[in-house]
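Q: Starting off with a structure, shown below.
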Number of protein chains: 2
Amino acid sequence: MLQPIDWRNVQFADGFLGDRVRVNRQATIPAVWRHTKETGRADVFKLRWHEGEQPRPHQFWDSDLAKWIEAAAYDLAIQPNPETEGIIDELVADMAAAQMPDGYLNSFYQQVCPDKRWTNLRDMHELYCAGHLMEGAVAYFQATGKREFLDVMCRYADCIDRTFGTEPGKLPGYPGHEELELALVKLHAATGEDRYGKLATYFVTQRGQQPFYFEEEAVRRGEKPVSSPHGNCEYAQAHLPAREQTTVEGHSVRACYFYAGMADVARLNGDAGLADACRALWHNLTRRRMYVTGGIGSSFQGERFTVDYDLPNETSYAETCAQIALVFFASRMLRLETKGEYADVMELALYNSVLSGVSLDGERIFYVNPHAYFPKGYRFDPRGPRIVGVRPEWHGCACCPSNLARLFASLGGYLYGTDEDRLYIHLYAGSTGTCTWAGSESRFTVDTGYPFTGEIRIRLDEVPTTAAKLCLRIPGWAHSYDIRINGAEANGMIENGYLVLDQVWQPGDEIELTLPLAVEMIESHPAVRHNVGRVALKRGPLVYCLESADNGSDLNQLHLGKQPFFTVKEQEIAGLTVPTIHASGLRDSSGAWEDELYRPTGHSHSSTVQLVAIPYFMWANRGDGEMLIWLRHA
Amino acid sequence: MLQPIDWRNVQFADGFLGDRVRVNRQATIPAVWRHTKETGRADVFKLRWHEGEQPRPHQFWDSDLAKWIEAAAYDLAIQPNPETEGIIDELVADMAAAQMPDGYLNSFYQQVCPDKRWTNLRDMHELYCAGHLMEGAVAYFQATGKREFLDVMCRYADCIDRTFGTEPGKLPGYPGHEELELALVKLHAATGEDRYGKLATYFVTQRGQQPFYFEEEAVRRGEKPVSSPHGNCEYAQAHLPAREQTTVEGHSVRACYFYAGMADVARLNGDAGLADACRALWHNLTRRRMYVTGGIGSSFQGERFTVDYDLPNETSYAETCAQIALVFFASRMLRLETKGEYADVMELALYNSVLSGVSLDGERIFYVNPHAYFPKGYRFDPRGPRIVGVRPEWHGCACCPSNLARLFASLGGYLYGTDEDRLYIHLYAGSTGTCTWAGSESRFTVDTGYPFTGEIRIRLDEVPTTAAKLCLRIPGWAHSYDIRINGAEANGMIENGYLVLDQVWQPGDEIELTLPLAVEMIESHPAVRHNVGRVALKRGPLVYCLESADNGSDLNQLHLGKQPFFTVKEQEIAGLTVPTIHASGLRDSSGAWEDELYRPTGHSHSSTVQLVAIPYFMWANRGDGEMLIWLRHA
C-alpha cells in the first residue's frame, strides 16, 4: 500500500513549488501569527476571559490557533526556528494547564458556556476544533519529538471516545463540521493506538444514520428539529450514511474533509464498500461539480455544492479552504489506490485554485475565488463583501489563511510515495527526497522548471540494491511524453496513469521525462450553461486567465478567432517571471454604436488584437481589475 | 401641448390589448380584491386594531388598498359595476370616519404609533401612501363624479401642505418613496387648485437639497445619519437636487415614480431646466440601464439600478412595478414633448416586461422578472424566494398586483392624445376613441391585429370641420411603412417619430398604415458583458424567448447558425394564439462527452434543430421550465 514520503524527508530547491513554500515560510506563517496574536486568538487558552470583555472568544478560535501551530511545526522541521518552537511550547503549556481533569479542552465552551458542552454538535464546531488541535499535536510531535501536546490531545481524544458512540450511556453524535475523522486517523498513526482508528471509523459510519442526531439534539435544546442556520442535514453530509452517498452535497469544506476521512477509514479497515462510496463521490465531484481550476462549492449560500453542471463564474464561491480540502481528499484517494487521476486533480487544484487563494507576496488571502471578475457589478450585490478583487489581509472568519499556511508548510509530503519496490512521483518539483525504496535507504533529486517547462530530470543518488520500479505520473492532459535514461530512449509501461520503469538502478542514474507543454483550448461539457461558446486556455496543469491589466477592460468583448495562433512568452508579472500566452484575437468594436443599447445585427465590427493570458493563480496581484477565464471562441 | 385622451373616452375592441384589459377586469381586479380582503387590508381604515392582534397593520397597506380602489374605479367607468361601487363607497366612508380633524389619514400610524407621525419619511412610506390614496380619489371622482373621497384627500393634501415646506415652522422633508409628486399633479388637475401643483413642485425641488433631510431626521430619531435599511440617499434619489441628476440611481420604482413627477412638474411650470434633467435621466435609463424588454432595476440588492451596461439576465430583478413606473415616466415625457421615442419605450415595456408580470389568466403575478431562467440553479441562491419560474398568487409585499390592475384598467388613457389640430396615435390597438380634435367633437375607430400583425386600419367616424393633422407613430424598429388613405397611396411628413397626415377629413375616411413585421436579430452594446455573442429575437415591439417546453432543456446548448432562416407560425400557447418564431438552429451535442467535464476543443458536434420562440410576456405559463432571451449566435 502506498506510503507517502513525509514532508520531513523532502527538501525543496528553488522553483515553482519551492518558491511558494519559501514565501509561505517567510511571509504567510509570520503574517498569520501576527493576526492570530492581534485578534486575541493566541491567548485564548490562558482562560482569562470574563463575561463582557472584548474580544469574546469565538467557537472557531481553537481551530485557527491549532492550524497555525500545525503550519509552524511543519516548517520548523525543515527550517529550525527556536523562536517559533518557544512560542508553541508556551501555547502547549497553556493548553495543558487549561485542560480539564477529564481531558476536555475547548476554550470557547470552557470560558463562555461551560454548562453547554456537547449540546450543539451541529453548529458549534466543538469536535472540529478538537480535530484541528489533534492535527497540530501530531505535526508538532513529528517535527520535534516533543510529546506534551500529543499527550494532551490523546487525553482529549480519550474523553471524546468515552463520550461518543452507540453504546448505552454514550451520545450517538458526530461532528457538525467534519475534520476530526481524518485527525483521529493521524493520531492513530502517530501513537499506534487502535482506539483512535476505531473512533474515526465510528464517526464516519455513524454519520447520517437515522434517527438524525442533529435533529434529536435540536429537540433536546428545545428547538425545531430541522431549523438550522444552514438548512437540513445535507448541508453537513449527514443526510445519508456514508456508504450510501453518491453525490457531493452541502458545505464543500465540510464535505471534502469528510470524504478525506472516509477514504482514510476505508484504507485503514480495508472497507471495500466505503471505498466504493469514496469513488462515487470523487466521480460526481470531478465530473459534474468542479471548476476548471479545481475550485469547488459554487454557491455563496451555504458555501456549498449545488447541482450537476451548475458552475457560474462571476459568482463562484470556491472557498480557498474547499480547494485545500479537495487536495486532502485527492491525496487520500491516491493512498487508497494509486491512480494518476487523483494526483492530476490534486495538482490541478494546488496550482490553480489553491494558489489563487494567496497573493504572490504571501501576505494576503482570498476567502472566495471568483472565476470571472468585473469590479463594477458587485457594488450592489449582497455577496459583495466576500467577492472582492484584491485579497484582504485577514478575515473575520479566518479559516483560510492558516489552512494555506499548513498546506504549503507540509507540501513536501504530497510529492512522493513508496509501495514496496515502487517509488512514485506524483508532483514534479525541484527537490530532494529520501525514503526506503525496495527495502533500501534511497535518495533522489528532481530538477525541473515544471510546470513552466516540461523537462523533468530525476537523478538517483542512492538506489535500491535490487531491481525496483520508478513510477512517474504522466498527467492526464499530456498527449505524449518522452522518456530517457542516462540519455538513451527508454521504455516503460503505463499503469494507472504512471509510467513504470522497472530495472536495477545505479547511483547517479539520470532519468529525463519530457512532457509537451502546448497551449490548449479547453471546452466544458455543454450542460455547463455558463461556458457555452467559450474556451479556457490551459498549458500543462496551469489554467490561464485574462486580466484587464494586460488586455484593457471589457474582457467579454474579446474573443479568439476560429483558428487562433498562440505564442508563449516569458514575462514578469507582479514580480514573478512566468510563461504568458499571447493569442491572436478580436475585440468587438463599440465605436460604431452611436449611443444605442440594442440594435439589429449586421453593423458590428471587430478589431484584431493580441490577447495576453497569465496563469489564473496569479490574478489580482496588480490592483482591482477585471479577470476572465472562459474566453469567447467563434 | 399634448392632452391625453383619457381612459373614459376609449373603448377597447377584442384584440391584443383589449383582451388583456378584459382579463384584468374579469380576473385580476377580483383576485386582488379577494387577497386584499383576506389579508386584512380592506378593513384597515376601520381602525379596529389593538396592540397584540394579528394581522398587525402594515405601513404599505393603505397604498395596496388605494391602488385596488384606483383600478376598480377606472374599470367601473368603462363597465359599470354597482357592487364594486358599493364596496368603494364603504371604504371611502371608513376613510372619512378615520380621518383626523387636521386631515391626517394613515391607518398604520393612527393605529400602531400615533405619536410617531412624520418622524421617518425615509423608510415608512407615509407620504407614499398619501399619494396612492390621492390617485385613487381622483380616479373614483373621475369615474363616478362622487366627491367624498376627493374631498377627504384634499383635506389630507392640505394637512401635508401645512406640514411640509421650507417656511419657518414647517418640515423641509419629502417622501422616502416618491409617488406623492405625481399624485398631487393629478389632484391639481382634478380640482383646479394651484396649491397642489405648488406642493408637488416643492417636493420635486426640495429633494436632494443639503443638508440632507433624511440624515437630519435620522439624527432626531437618535440614529446614525447615514445608517438606513437601504443605504445612502442615492437609494431614494435624494443624493442631488433633481435638476442636477443625470444618471438613474437607486430603487427603480422610486426612481421612475420620481422622474414621472419631475416631468409633470416641468410641464406644469414650463421649467426648461427640469425638463433637461428629465431628458438626461431618460437618456441614461434607456441607453445604458434597460433590459431589451424594457425591464429596469437589475439588482436584487436594493431593487435598484446599478451601473451602466450592468444587465445580468439570470439574476435580473426587473420588478413588475418598476416597468409600470417606466410606463408612467414615458407617458409623462411624451406629454412634455411629443416624441415617438417615448411611446416606443412605453410600448416596449408594456408589451414585454410589464405584461410578463401577470399570467395569461390574470390570476398570478411576478414580482421579479428574470431575463433567463434555469430552475435548478436557484435552490441554493439567497435570492431564491423571489426568483421563481411560476407566478405566485400573491406577495407579502403586494405592490405589484394592484399596480398591474390599475395600469390595465386605465390603459385606454395611454393610446391617444390631442394637441390643438393634431390627433396623435401612440399605441395601436383595436378601439374607439372620442375627443376634441381641432375644436370639433371627433370619433375614430382603430382596427388591427397589432402587434401580431402590422396592418392598422383607422376609420374616422366624426371629423373636424377644418383641416387637421392625424399623427401616427412610426415605431423606431420599423424600417419602412406603407400608408394609404381610402385605398390610395398617401404622403406625410415624419415629425419626431410620427407620420403627420394633414388634410381636411371626411367622415368614413379610412387610413391604412402597414408596418412590416420582420423577425429581427437584436444585439446589445458590447459593453453589456452578459449578452456578448448572443442575439435576441424581436418581431415588431415583441421580444421573443425560448422555453424548454418547446425546445427541451439546456437552452444554452442551442444556437442560431450564421445565416438563420426564420418562419412565423400561428400557434396556440397556453390558450393564446400568437405568432411564434421558428428558426433553423443547432444544439451542442453532449453525446460524445463520455463522462468528462472539461476537454480540449475539436471533438464537439452539433445537431440541427428547429428552434421555437414565443413572445417573452407569455413565458412561465406552462410550468416551471427554462427560459432564455439571449440566444447564442455563431
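Identifiers for the C-alpha cells are assigned positionally: chains receive A, B, ... in sequence, residues are indexed from 1 per chain, and ligands are indexed from 1 in the order shown.
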Give the residues of chain A that lie within 8 Å of chain B; count only C-alpha atoms, and format the answer as a ChimeraX atom specification.
A: /A:286-288,292,299-302,306-307,310,376-377,379-382,520-527,529,532-533,535,554,556-557,588-590,593,595-601,632,634
Q: Would you compute the distance between CA of Cys256 in chain A and CA of Ala143 in chain A? Give it in Å to one decimal.
A: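 These atoms are spaced 25.9 Å apart.
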Q: Using only C-alpha atoms, which protein or nucleic acid residues come within 9 Å of range 148-156 of chain B? Drop anything in the same chain fewer than 2 positions from it, and give the result as a ChimeraX atom specification.
A: /B:89,92-93,95-96,99,102-105,130,133-134,136-138,140-141,146,158-161,187,190-191,196
Q: Of the residues B:Val354, B:Ala236, B:Ala468, B:Ile474, which is the one nearest to Pro175 in chain B, using only C-alpha atoms?
A: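 Of B:Val354, B:Ala236, B:Ala468, B:Ile474, the one nearest Pro175 in chain B is B:Ala236, counting only C-alpha atoms.
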Q: With only C-alpha atoms as the atoms that count, which of B:Val112, B:Cys400, B:Ile494, B:Ala13 lies nearest to Gly52 in chain B?
A: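 Closest candidate: B:Val112.
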Q: Record the distance separating CA of Gly173 in chain B and CA of Phe108 in chain B, expressed in Å with one decimal.
A: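 Separation between CA of Gly173 in chain B and CA of Phe108 in chain B: 19.7 Å.
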Q: Using DSSP on the backbone coordinates, identify all residues within range 335-472 of chain B classified as strand (DSSP E or B); present the result as JSON, numbers by chain.
A: {"B": [358, 365, 372, 373, 416, 417, 418, 419, 422, 423, 424, 425, 431, 432, 433, 434, 435, 436, 437, 440, 441, 442, 443, 444, 445, 446, 447, 448, 455, 456, 457, 458, 459, 460, 461, 462, 468, 469, 470, 471, 472]}
Q: Quick one: everything within 10 Å of range 15-24 of chain B, counting only C-alpha atoms, minus sequence neighbours fewer than 5 positions away in the same chain. Send it as a PyMOL selection string.
A: chain B and resi 29-31+71+75+350-351+355+358-363+404-412+427-431+447-452+578
Q: I want to know what sits within 9 Å of Phe212 in chain A, based on only C-alpha atoms, with residues of the same chain fewer than 5 positions away left out; could you give that as a list in words?
A: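 Selected residues are Gly173, Arg207, Glu217, Cys233, Ala238 and His239 of chain A.
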